[in-house]
Amino acid sequence: MLKVIQGGIETLVEDWPGRLGFLGKGMAPSGAFDNVALGYANLLVGNAPGEAGLEVTAGFFEAEFGVDTVIAVTGTPNPPAINGQHIAMWESVQVRKGDVIKFSHIGPCGFRWYIGIAGSIDVPPYLGSKSTCIFGNYGGFEGRKLQAGDVLKFGTPCCKSKDLLGRKLKKEVIPEYSREWTLRAIPGPNTCPDYATEEGMEYLFTHSFKVQHTSNRSAYRLEALPDSFFSRLDGGVGGSHPSNIIDHGYAMRGALNICGNTPVLLIADGPTLGGYMCASSVINADLWKVGQGAPARDFIKFQMCSQDEATQARIDQTKLFVEAALV
Amino acid sequence: MIERNTVMEKSVDACVPGLCARVVVNEGDKVAKGQEVAVINCMKTEISLTSEWDGIVTKVLSKEWDELEVGMPMVMLKVSDGD
């Protein structure tokens, strides 16, 4: 078990692919914001890649282990400390009963860490997932972010601790982090000529958009588009703005919603439908990069991609979390 | 033997990237360790920034709407090393 000393900015129990199949009831899939970092953390401790781990956003999480176990920390490159000593990331680490893990601030790139724990986190699955939806207050640990005094139980590890130690990711497979993230995206469903101009779509796929400070697990808000993006010339602000269309279901996760002039990436806990146009959809295999984008610091660029390429990238991603990725 | 405290200058730095919501202390104010000195807006959440030291505010470096990077000094304090 793990006793939380400080919850930090936002620490959640998340798994992957999250809570699928309930969009029609208005329930977002949630799930790890960076499923690649979670997948590797789980691989390192002998769990299935989609098992639940802890997603530590923006840092300052602190907790004491109540048992001897093996963990692995992945994500933004600023290693946490155990009993005051920094630990190696992207490899398995032995922890003992009474050890205290402490995170400081985020690294020079990236925004989230993942803690994989041998045997995973033992919280009751809700509608097939252990993921927390903080905006709906369900799933994970009591449907909320962790706070001081919380006690989390662990599941049963796949094997003995000694068999998990020494597991380390090959350097070349550690994901590359950046302050400018290129996301492959498929244009549409609301694109040129009916909703956006050709010039507008060209802007969308060439400009580097700053991530706004208001970005969170529901939506990543990007800097505004120019008025020339929109095909419709009339309208203005509010409900008549040309970004407003008849309500439709959003392609969760990854839809690029245009809300007024603001492009908004709908991700983990985002809305499932609404009345704003969606100019493109980020491919599933690149969603992890959104989770590592730091609000008020990083930039996002979109790169046009075909459906075939998106499908292949998704297949390729499922093959990442294998023993061959380890040293 | 007389113990003499050395006075040092310390900065209270932004702990997350975001926008400065407000600085809640003024120059000349006494602050205690653990006291909130500023608030940062990030992820549509207000994040409290607290002082690690007892001290006196010598300079306020941030104002509302300033964009902040992690580690950017927001408030300067005069701290005695005996604190």
# chains A, B, ... in the order shown; residues from 1 in each chain; ligands from 1

call {"tool": "interface_residues", "arguments": {"of": "chain B", "to": "chain A", "cutoff": "6 Å", "atoms": "only C-alpha atoms", "output": "number ranges by chain"}}
result
B: 17-18, 42-44

call {"tool": "closest_residue", "arguments": {"among": "A:Arg184, A:Lys301, A:Lys102, A:Arg96", "to": "Phe61 in chain A", "atoms": "only C-alpha atoms"}}
result
A:Lys102

call {"tool": "residues_around", "arguments": {"residues": "Thr156 in chain A", "least_positions_apart": "3", "cutoff": "8 Å", "atoms": "only C-alpha atoms", "output": "VMD selection string"}}
result
chain A and resid 118 to 120

call {"tool": "select_by_dssp", "arguments": {"residues": "range 84-316 of chain A", "states": "strand (DSSP E or B)", "output": "ChimeraX atom specification"}}
result
/A:85-86,91-95,100-102,112-117,121,126,129,133,138,151-152,154,168-169,180-187,196,208-211,219-222,230,244-249,255-259,262-266,273-276,278-282,299-304
